[in-house]
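Engineer: File name structure-v7.cif; file contents mmCIF, C-alpha atoms and all ligand atoms; full text below.
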```cif
data_my_file
#
loop_
_atom_site.label_atom_id
_atom_site.label_comp_id
_atom_site.auth_asym_id
_atom_site.auth_seq_id
_atom_site.Cartn_x
_atom_site.Cartn_y
_atom_site.Cartn_z
CA MET A 213 0.00 0.00 0.00
CA LEU A 214 1.13 3.53 -0.70
CA ASN A 215 1.56 5.55 2.46
CA GLU A 216 0.50 9.18 2.96
CA GLU A 217 4.02 10.46 2.35
CA ILE A 218 3.98 8.99 -1.14
CA TYR A 219 0.56 10.52 -1.92
CA ARG A 220 1.78 13.92 -0.70
CA PHE A 221 4.87 13.64 -2.85
CA LEU A 222 2.84 12.65 -5.94
CA ILE A 223 0.37 15.51 -5.54
CA LYS A 224 3.11 18.07 -4.87
CA LYS A 225 5.25 17.00 -7.83
CA ALA A 226 2.45 16.14 -10.26
CA ASN A 227 2.68 17.68 -13.72
CA ASP A 228 -1.10 18.19 -13.68
CA GLY A 229 -3.05 20.62 -11.52
CA ILE A 230 -4.98 18.97 -8.69
CA ALA A 231 -7.68 20.71 -6.65
CA ILE A 232 -10.23 19.93 -3.99
CA VAL A 233 -13.35 22.02 -4.55
CA GLN A 234 -16.10 22.10 -1.97
CA GLU A 235 -19.33 24.08 -2.30
CA GLY A 236 -17.84 25.79 -5.31
CA ARG A 237 -14.72 27.01 -3.49
CA PHE A 238 -11.08 25.93 -3.56
CA GLN A 239 -10.08 23.97 -0.47
CA TYR A 240 -6.76 22.86 -1.89
CA ALA A 241 -4.64 23.49 -5.01
CA ASN A 242 -1.33 21.73 -5.67
CA PRO A 243 1.73 23.76 -6.82
CA ARG A 244 1.18 22.88 -10.49
CA LEU A 245 -2.39 24.24 -10.42
CA GLN A 246 -1.17 27.43 -8.75
CA GLU A 247 1.31 27.71 -11.61
CA ILE A 248 -1.37 27.09 -14.29
CA VAL A 249 -3.81 29.71 -12.95
CA GLY A 250 -1.15 32.08 -11.58
CA TYR A 251 -2.76 32.39 -8.12
CA SER A 252 -1.19 31.35 -4.80
CA MET A 253 -3.06 28.96 -2.50
CA GLU A 254 -3.91 31.92 -0.23
CA GLU A 255 -5.49 33.77 -3.16
CA LEU A 256 -7.33 30.69 -4.40
CA SER A 257 -8.79 29.99 -0.97
CA CYS A 258 -10.67 33.30 -1.25
CA LEU A 259 -11.93 32.56 -4.78
CA PRO A 260 -14.88 30.56 -6.04
CA PHE A 261 -13.90 27.87 -8.57
CA ASN A 262 -15.84 29.77 -11.26
CA ALA A 263 -13.43 32.70 -10.92
CA VAL A 264 -10.85 30.71 -12.86
CA VAL A 265 -13.25 29.34 -15.48
CA ALA A 266 -13.04 31.20 -18.81
CA THR A 267 -16.19 33.19 -19.54
CA ALA A 268 -16.92 31.15 -22.67
CA ASP A 269 -17.09 27.96 -20.60
CA LEU A 270 -19.03 29.20 -17.55
CA ASN A 271 -22.38 27.97 -18.88
CA SER A 272 -21.15 24.57 -20.01
CA MET A 273 -19.39 24.07 -16.67
CA ALA A 274 -22.57 24.94 -14.76
CA GLU A 275 -24.59 22.61 -17.01
CA MET A 276 -22.10 19.83 -16.35
CA GLN A 277 -22.42 20.37 -12.61
CA ASN A 278 -26.24 20.23 -12.83
CA ARG A 279 -26.18 17.06 -14.90
CA ARG A 280 -24.00 15.45 -12.30
CA ILE A 281 -26.23 16.57 -9.44
CA TRP A 282 -29.18 14.98 -11.27
CA GLY A 283 -27.23 11.76 -11.48
CA GLU A 284 -26.63 11.82 -15.26
CA ASP A 285 -23.51 10.30 -16.75
CA ILE A 286 -20.98 12.93 -17.75
CA PRO A 287 -17.76 12.22 -19.62
CA LEU A 288 -14.79 11.27 -17.48
CA VAL A 289 -12.56 13.86 -19.15
CA VAL A 290 -13.94 17.15 -20.49
CA GLU A 291 -12.19 19.80 -22.51
CA SER A 292 -12.65 23.24 -21.09
CA SER A 293 -10.84 26.53 -20.66
CA LEU A 294 -9.72 28.47 -17.63
CA LYS A 295 -8.55 32.04 -17.31
CA ASN A 296 -5.40 32.75 -15.35
CA LYS A 297 -4.66 35.70 -13.08
CA LYS A 298 -3.42 37.74 -16.05
CA GLY A 299 -6.71 37.09 -17.87
CA ARG A 300 -5.14 34.72 -20.41
CA VAL A 301 -7.10 31.66 -21.52
CA VAL A 302 -5.60 28.29 -20.63
CA PHE A 303 -7.01 25.25 -22.46
CA VAL A 304 -7.38 22.27 -20.16
CA GLU A 305 -8.73 18.76 -19.82
CA LEU A 306 -10.65 18.29 -16.59
CA THR A 307 -11.19 15.04 -14.79
CA ALA A 308 -13.39 15.23 -11.70
CA GLY A 309 -14.57 12.74 -9.11
CA LEU A 310 -16.64 12.95 -5.94
CA ILE A 311 -14.75 12.42 -2.68
CA SER A 312 -15.36 13.06 0.97
CA HIS A 313 -13.29 15.87 2.45
CA GLU A 314 -13.40 16.64 6.16
CA GLY A 315 -16.67 14.80 6.47
CA LYS A 316 -18.42 16.59 3.59
CA PRO A 317 -18.74 15.79 -0.16
CA ALA A 318 -16.23 17.54 -2.39
CA ASP A 319 -14.86 17.38 -5.95
CA LEU A 320 -11.37 16.17 -6.64
CA VAL A 321 -10.39 17.84 -9.91
CA ILE A 322 -7.37 17.00 -12.07
CA ILE A 323 -6.45 19.72 -14.55
CA HIS A 324 -4.25 18.94 -17.54
CA ASP A 325 -2.92 21.96 -19.46
CA ILE A 326 -3.39 21.34 -23.21
CA THR A 327 -2.67 24.91 -24.38
CA PRO A 328 0.53 24.00 -26.30
CA ARG A 329 -1.32 21.20 -28.12
CA LYS A 330 -4.26 23.51 -28.93
CA GLN A 331 -1.92 26.19 -30.24
CA ALA A 332 -0.09 23.65 -32.41
CA GLU A 333 -3.44 22.39 -33.77
CA GLU A 334 -4.48 25.95 -34.57
CA VAL A 335 -1.23 26.66 -36.44
CA LEU A 336 -1.59 23.38 -38.34
CA SER A 337 -5.16 24.08 -39.36
CA GLN A 338 -4.21 27.61 -40.52
CA THR A 339 -1.32 26.17 -42.53
CA LEU A 340 -3.60 23.59 -44.14
CA GLU A 341 -6.15 26.26 -44.98
CA LYS A 342 -3.43 28.40 -46.59
CA LEU A 343 -2.20 25.38 -48.55
CA ARG A 344 -5.68 24.61 -49.82
CA LYS A 345 -6.11 28.23 -50.90
CA ALA A 346 -2.75 28.21 -52.69
CA MET A 347 -3.71 24.99 -54.48
CA GLY A 348 -7.07 26.47 -55.47
CA ALA A 349 -5.25 29.56 -56.79
CA THR A 350 -2.89 27.32 -58.79
CA ILE A 351 -5.87 25.65 -60.48
CA GLN A 352 -7.37 29.09 -61.12
CA ALA A 353 -4.11 30.29 -62.72
CA ILE A 354 -4.04 27.26 -65.01
CA THR A 355 -7.69 27.82 -65.96
CA LEU A 356 -6.92 31.44 -66.89
CA THR A 357 -3.89 30.36 -68.95
CA VAL A 358 -6.05 27.96 -70.96
CA GLU A 359 -8.81 30.55 -71.28
CA MET A 360 -6.48 33.17 -72.76
CA ARG A 361 -5.38 30.83 -75.50
CA ASP A 362 -8.63 29.03 -76.18
CA PRO A 363 -11.89 30.41 -74.74
CA TYR A 364 -13.86 27.43 -76.12
CA THR A 365 -11.84 24.89 -74.17
CA ALA A 366 -12.13 27.08 -71.09
CA GLY A 367 -15.94 27.24 -71.31
CA HIS A 368 -16.05 23.51 -72.00
CA GLN A 369 -13.94 22.73 -68.94
CA ARG A 370 -16.14 24.88 -66.71
CA ARG A 371 -19.34 23.16 -67.86
CA VAL A 372 -17.78 19.68 -67.65
CA SER A 373 -16.64 20.49 -64.12
CA ASP A 374 -20.17 21.51 -63.19
CA LEU A 375 -21.76 18.37 -64.63
CA ALA A 376 -19.06 16.08 -63.18
CA ARG A 377 -19.69 17.61 -59.76
CA ALA A 378 -23.46 17.11 -60.13
CA ILE A 379 -22.84 13.43 -60.98
CA ALA A 380 -20.40 13.02 -58.07
CA ASP A 381 -22.94 14.61 -55.72
CA ARG A 382 -25.31 11.73 -56.45
CA LEU A 383 -22.71 9.19 -55.34
CA ASP A 384 -21.81 8.73 -51.72
CA PHE A 385 -18.50 10.57 -52.01
CA SER A 386 -16.54 12.56 -49.45
CA THR A 387 -16.19 16.32 -49.95
CA GLU A 388 -12.49 15.65 -50.69
CA LYS A 389 -13.34 13.35 -53.58
CA ILE A 390 -15.97 15.70 -55.00
CA ASP A 391 -13.44 18.58 -54.79
CA ALA A 392 -10.88 16.47 -56.66
CA ILE A 393 -13.34 15.70 -59.48
CA ARG A 394 -14.48 19.31 -59.74
CA MET A 395 -10.92 20.67 -59.87
CA ALA A 396 -9.52 18.03 -62.22
CA ALA A 397 -12.49 18.59 -64.55
CA SER A 398 -11.96 22.36 -64.55
CA ILE A 399 -8.49 21.93 -66.11
CA HIS A 400 -8.82 18.50 -67.75
CA ASP A 401 -7.88 19.64 -71.30
CA LEU A 402 -4.85 21.64 -70.14
CA GLY A 403 -2.61 19.42 -72.31
CA LYS A 404 -4.24 20.92 -75.41
CA ILE A 405 -1.98 23.96 -75.05
CA SER A 406 0.66 21.89 -76.81
CA ILE A 407 -1.56 21.35 -79.86
CA PRO A 408 -1.63 23.96 -82.68
CA SER A 409 -4.92 25.87 -82.60
CA GLU A 410 -5.52 25.18 -86.33
CA ILE A 411 -5.89 21.52 -85.43
CA LEU A 412 -8.10 22.19 -82.41
CA SER A 413 -10.49 24.36 -84.39
CA LYS A 414 -10.32 22.46 -87.66
CA PRO A 415 -13.75 21.92 -89.21
CA GLY A 416 -14.41 18.36 -90.32
CA LYS A 417 -12.48 15.19 -89.65
CA LEU A 418 -8.87 15.22 -88.43
CA ASN A 419 -6.33 13.19 -90.39
CA GLU A 420 -4.44 10.43 -88.63
CA THR A 421 -1.38 12.54 -87.74
CA GLU A 422 -3.58 15.30 -86.34
CA TYR A 423 -5.66 12.85 -84.33
CA THR A 424 -2.51 11.23 -82.92
CA LEU A 425 -1.35 14.65 -81.82
CA VAL A 426 -4.71 15.49 -80.18
CA LYS A 427 -4.56 12.20 -78.31
CA THR A 428 -1.38 13.28 -76.52
CA HIS A 429 -3.26 15.88 -74.45
CA PRO A 430 -4.04 13.73 -71.38
CA GLN A 431 -0.38 12.75 -71.11
CA VAL A 432 0.81 16.34 -71.67
CA GLY A 433 -1.60 17.60 -68.98
CA TYR A 434 -0.37 14.89 -66.64
CA ASN A 435 3.27 15.77 -67.29
CA ILE A 436 2.64 19.44 -66.51
CA LEU A 437 0.84 18.69 -63.25
CA LYS A 438 2.60 15.62 -61.89
CA GLN A 439 5.24 17.60 -59.99
CA ILE A 440 2.65 19.61 -58.07
CA GLU A 441 1.77 17.87 -54.84
CA PHE A 442 -1.95 18.57 -54.83
CA PRO A 443 -3.87 17.08 -51.91
CA TRP A 444 -6.06 15.49 -54.63
CA PRO A 445 -5.03 13.05 -57.43
CA ILE A 446 -5.63 15.69 -60.11
CA ALA A 447 -2.84 14.68 -62.51
CA GLN A 448 -3.95 11.01 -62.49
CA ILE A 449 -7.61 11.88 -63.12
CA ILE A 450 -6.59 14.03 -66.09
CA LEU A 451 -4.31 11.31 -67.45
CA GLN A 452 -7.22 8.85 -67.43
CA HIS A 453 -10.09 10.99 -68.70
CA HIS A 454 -10.10 9.42 -72.20
CA GLU A 455 -9.79 5.83 -70.97
CA ARG A 456 -12.85 3.70 -71.74
CA ILE A 457 -14.34 0.71 -69.85
CA ASN A 458 -13.62 -1.81 -72.66
CA GLY A 459 -9.99 -0.76 -72.97
CA SER A 460 -10.46 1.16 -76.23
CA GLY A 461 -9.46 4.50 -74.72
CA TYR A 462 -6.08 6.19 -74.43
CA PRO A 463 -3.26 6.65 -73.47
CA GLN A 464 -2.89 3.53 -71.28
CA LYS A 465 -5.81 1.44 -72.62
CA LEU A 466 -7.01 0.84 -69.06
CA LYS A 467 -10.13 -1.28 -68.53
CA GLY A 468 -13.09 -1.18 -66.13
CA ARG A 469 -12.08 -0.52 -62.56
CA GLN A 470 -8.46 0.06 -63.53
CA ILE A 471 -9.81 3.50 -64.44
CA MET A 472 -10.33 5.69 -61.39
CA ILE A 473 -13.97 6.44 -60.64
CA GLU A 474 -13.14 10.17 -60.84
CA ALA A 475 -11.87 9.71 -64.41
CA ARG A 476 -14.89 7.54 -65.34
CA ILE A 477 -17.18 10.38 -64.22
CA LEU A 478 -15.11 12.99 -66.02
CA GLY A 479 -15.13 10.87 -69.20
CA VAL A 480 -18.94 10.79 -69.35
CA ALA A 481 -19.37 14.47 -68.44
CA ASP A 482 -16.77 15.40 -71.09
CA VAL A 483 -18.53 13.52 -73.91
CA VAL A 484 -21.99 14.84 -73.02
CA GLU A 485 -20.86 18.47 -72.75
CA ALA A 486 -18.83 18.29 -75.97
CA MET A 487 -21.90 17.11 -77.92
CA VAL A 488 -24.26 19.64 -76.34
CA SER A 489 -22.07 22.68 -77.02
CA HIS A 490 -21.37 24.70 -80.11
CA ARG A 491 -17.82 24.77 -81.40
CA PRO A 492 -16.29 27.31 -83.78
CA TYR A 493 -16.10 24.59 -86.43
CA ARG A 494 -19.50 22.91 -85.92
CA THR A 495 -22.94 23.46 -84.44
CA ALA A 496 -24.10 21.64 -81.35
CA ILE A 497 -25.06 18.00 -81.88
CA GLY A 498 -27.61 18.27 -79.11
CA LEU A 499 -28.59 16.76 -75.79
CA ASP A 500 -30.74 13.96 -77.22
CA LYS A 501 -27.89 12.69 -79.39
CA ALA A 502 -25.47 12.99 -76.46
CA LEU A 503 -27.70 10.93 -74.20
CA GLU A 504 -28.24 8.40 -77.00
CA GLU A 505 -24.46 8.09 -77.31
CA ILE A 506 -23.87 7.34 -73.62
CA GLN A 507 -26.89 4.99 -73.43
CA ARG A 508 -25.76 3.05 -76.52
CA ASN A 509 -22.27 2.62 -75.08
CA ARG A 510 -23.38 2.04 -71.48
CA GLY A 511 -21.09 -0.64 -70.08
CA SER A 512 -18.83 -0.77 -73.16
CA LEU A 513 -17.29 2.68 -73.27
CA TYR A 514 -18.87 4.28 -70.21
CA ASP A 515 -19.41 3.19 -66.60
CA PRO A 516 -23.04 1.96 -66.41
CA GLU A 517 -23.75 3.53 -63.02
CA ILE A 518 -22.46 6.91 -64.16
CA VAL A 519 -24.45 6.70 -67.39
CA ASP A 520 -27.60 6.01 -65.34
CA ILE A 521 -26.94 8.95 -63.04
CA SER A 522 -26.26 11.24 -66.01
CA LEU A 523 -29.45 10.14 -67.78
CA SER A 524 -31.55 10.70 -64.68
CA LEU A 525 -29.91 14.09 -64.08
CA LEU A 526 -30.33 15.32 -67.64
CA TYR A 527 -33.69 13.70 -68.52
CA HIS A 528 -35.66 13.88 -65.33
CA ARG A 529 -33.95 16.26 -62.95
CA GLY A 530 -33.78 19.19 -65.28
CA TYR A 531 -30.02 19.66 -65.04
CA GLU A 532 -29.01 22.58 -67.23
CA PHE A 533 -25.63 23.59 -68.58
CA LYS A 534 -24.76 27.11 -67.53
FE FE B 601 -9.92 15.71 -73.24
#
```
Can you give me the file's structure in the form of structure tokens?
Structural biologist:
Amino acid sequence: MLNEEIYRFLIKKANDGIAIVQEGRFQYANPRLQEIVGYSMEELSCLPFNAVVATADLNSMAEMQNRRIWGEDIPLVVESSLKNKKGRVVFVELTAGLISHEGKPADLVIIHDITPRKQAEEVLSQTLEKLRKAMGATIQAITLTVEMRDPYTAGHQRRVSDLARAIADRLDFSTEKIDAIRMAASIHDLGKISIPSEILSKPGKLNETEYTLVKTHPQVGYNILKQIEFPWPIAQIILQHHERINGSGYPQKLKGRQIMIEARILGVADVVEAMVSHRPYRTAIGLDKALEEIQRNRGSLYDPEIVDISLSLLYHRGYEFK
């Protein structure tokens, strides 16, 4: 058994604050707690416990007390905040238990200072937010670059991005995944900047050499983006956006589930938008023909589930291209 001397030593040297609170007042505070709140034991003995609770947490602390009085279960450890003598907020984890002190019920409270951890978390979340913004701005810069050279591709990318997002919304995807699809779609034809504009805007059929050149654009886009460490697999999605379920696509001739779901969605949205829109070298083919195309090739070129979602969106749900 541990004797009283050992208990005294432990409480005195503990790295956590320890207090005995009776009828809302401090009866005892160990040296570490005095250090955390900046008050001496003499000062604390004249203070109610609430005097060191940060204003923002006064209500939740009172609610917690009431719940305990009514016999409800409260969590063993609660996060809260105190204010020290200088008025600074100290983030803490509180663990409390009922004890008997000098013949009357009292709370034994253990107070663990988590301010450094909270501050580190705050810095990390700010850094992540900044990083996300910088990545978003990078995508925006690429979009503008494409737009300056080829406004048609830019408009196409924007509408494909919108449709791809609407399709992704119907699947049970995380916000992360939907963001990835939306952003990849908004710059998916970036690789076309390496193709002469006469070829891109050529009316009529492309000859074999021209078509071979056009088909390099997913790889070119991938090569441009692969060095950027986006938090989303943007370069990969772009690389795969012309792959088709039966392996007839390019550049890697991937099949079925070898193609990322994001790229399968982008592939369908791309085809539909391209057929619905006017181009400088041809008029729009139209929505009916576009839907006929994806329905006819449902399961051979295009992912059946994505075709079904697209059909229901465009036929029945009144989705409109902006
Ligand atoms: Fe493309």
Engineer: Which of these, A:Ile440, A:Leu245, A:Ala502, A:Ile326, has the shortest distance to Ser522 of chain A once you count all atoms listed in the file?
Structural biologist: A:Ala502
Engineer: So which one's closest to ligand FE 601 (chain B), A:Leu437, A:Ile230, A:Val519, A:Val432? Using all atoms listed in the file, please.
Structural biologist: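 Smallest separation from ligand FE 601 (chain B) among the options: A:Val432.
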Engineer: If you count all atoms listed in the file, which residues end up within 9 Å of ligand FE 601 (chain B), as a list of chain:residue names?
Structural biologist: A:His400, A:Asp401, A:Leu402, A:Gly403, A:Lys404, A:Val426, A:Lys427, A:His429, A:Pro430, A:Ile450, A:His453, A:His454, A:Gly479, A:Asp482, A:Val483
Engineer: Show me, as a PyMOL selection string, the residues that have an atom within 12 Å of segment 406-416 of chain A when counting only C-alpha atoms, minus same-chain residues fewer than 4 positions from it.
Structural biologist: chain A and resi 358+361-365+401-402+420-433+435-436+490-495
Engineer: Could you check which of A:Leu256, A:Val301, A:Ile473, A:Leu320 is closest to Asp515 of chain A, using all atoms listed in the file?
Structural biologist: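 When distances to Asp515 of chain A are compared using all atoms listed in the file, the smallest one comes from A:Ile473.
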Engineer: Would you mind telling me which residue in A:Phe303, A:Trp444, A:Phe533, A:Tyr514 lies nearest to Ala486 of chain A when using all atoms listed in the file?
Structural biologist: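 Of A:Phe303, A:Trp444, A:Phe533, A:Tyr514, the one nearest Ala486 of chain A is A:Phe533, counting all atoms listed in the file.
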Engineer: Could you give me, as an mmCIF file with C-alpha atoms, keeping the file's coordinate frame, the residues within 12 Å of Thr350 of chain A, counting only C-alpha atoms and dropping anything in the same chain fewer than 2 positions from it?
Structural biologist:
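So the final result, stored in out_11.cif, reads:
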```
data_model
loop_
_atom_site.group_PDB
_atom_site.id
_atom_site.type_symbol
_atom_site.label_atom_id
_atom_site.label_comp_id
_atom_site.auth_asym_id
_atom_site.auth_seq_id
_atom_site.Cartn_x
_atom_site.Cartn_y
_atom_site.Cartn_z
ATOM 1 C CA LEU A 343 -2.200 25.380 -48.550
ATOM 2 C CA ARG A 344 -5.680 24.610 -49.820
ATOM 3 C CA LYS A 345 -6.110 28.230 -50.900
ATOM 4 C CA ALA A 346 -2.750 28.210 -52.690
ATOM 5 C CA MET A 347 -3.710 24.990 -54.480
ATOM 6 C CA GLY A 348 -7.070 26.470 -55.470
ATOM 7 C CA GLN A 352 -7.370 29.090 -61.120
ATOM 8 C CA ALA A 353 -4.110 30.290 -62.720
ATOM 9 C CA ILE A 354 -4.040 27.260 -65.010
ATOM 10 C CA THR A 355 -7.690 27.820 -65.960
ATOM 11 C CA LEU A 356 -6.920 31.440 -66.890
ATOM 12 C CA THR A 357 -3.890 30.360 -68.950
ATOM 13 C CA MET A 395 -10.920 20.670 -59.870
ATOM 14 C CA ALA A 396 -9.520 18.030 -62.220
ATOM 15 C CA SER A 398 -11.960 22.360 -64.550
ATOM 16 C CA ILE A 399 -8.490 21.930 -66.110
ATOM 17 C CA LEU A 437 0.840 18.690 -63.250
ATOM 18 C CA ILE A 440 2.650 19.610 -58.070
ATOM 19 C CA GLU A 441 1.770 17.870 -54.840
ATOM 20 C CA PHE A 442 -1.950 18.570 -54.830
#
```
Engineer: For a test of reading the model, state the distance in Å between atom CA of Val233 of chain A and atom CA of Phe261 of chain A, rounded to one decimal.
Structural biologist: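 These two atoms are separated by 7.1 Å.
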Engineer: Between A:Met472, A:Ala380, A:Ile393, A:Ile323, which one has atoms that come closest to Gln246 of chain A, using only C-alpha atoms?
Structural biologist: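 Residue with the minimum atom-to-atom distance to Gln246 of chain A: A:Ile323.
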Engineer: Show which residues sit within 9 Å of Gly299 of chain A, as a PyMOL selection string. Count all atoms listed in the file, and ignore same-chain residues fewer than 3 positions away.
Structural biologist: chain A and resi 266+295-296
Engineer: Using only C-alpha atoms, find the one residue out of A:Tyr527, A:Tyr434, A:Phe238, A:Phe385 that sits nearest to Gln452 of chain A.
Structural biologist: A:Tyr434
Engineer: For the atom pair atom CA of Glu305 of chain A and atom CA of Lys342 of chain A, what is the interatomic distance in Å to one decimal place?
Structural biologist: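 Pair atom CA of Glu305 of chain A / atom CA of Lys342 of chain A returns 28.9 Å.
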Engineer: Provide an axis-aligned box for all listed atoms of segment 251-258 of chain A, padding each side by 6 Å; report its centre and its edge lengths in Å to one decimal, as JSON.
Structural biologist:
```
{"center_x": -5.9, "center_y": 31.4, "center_z": -4.2, "size_x": 21.5, "size_y": 16.8, "size_z": 19.9}
```
Engineer: For a test of reading the model, state the distance in Å between atom CA of Leu513 of chain A and atom CA of Lys467 of chain A, rounded to one decimal.
Structural biologist: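 These atoms are spaced 9.5 Å apart.
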Engineer: What's around Ile286 of chain A at 8 Å? Count all atoms listed in the file, leave out sequence neighbours fewer than 4 positions away in its own chain, and write the answer as a PyMOL selection string.
Structural biologist: chain A and resi 276+279-280
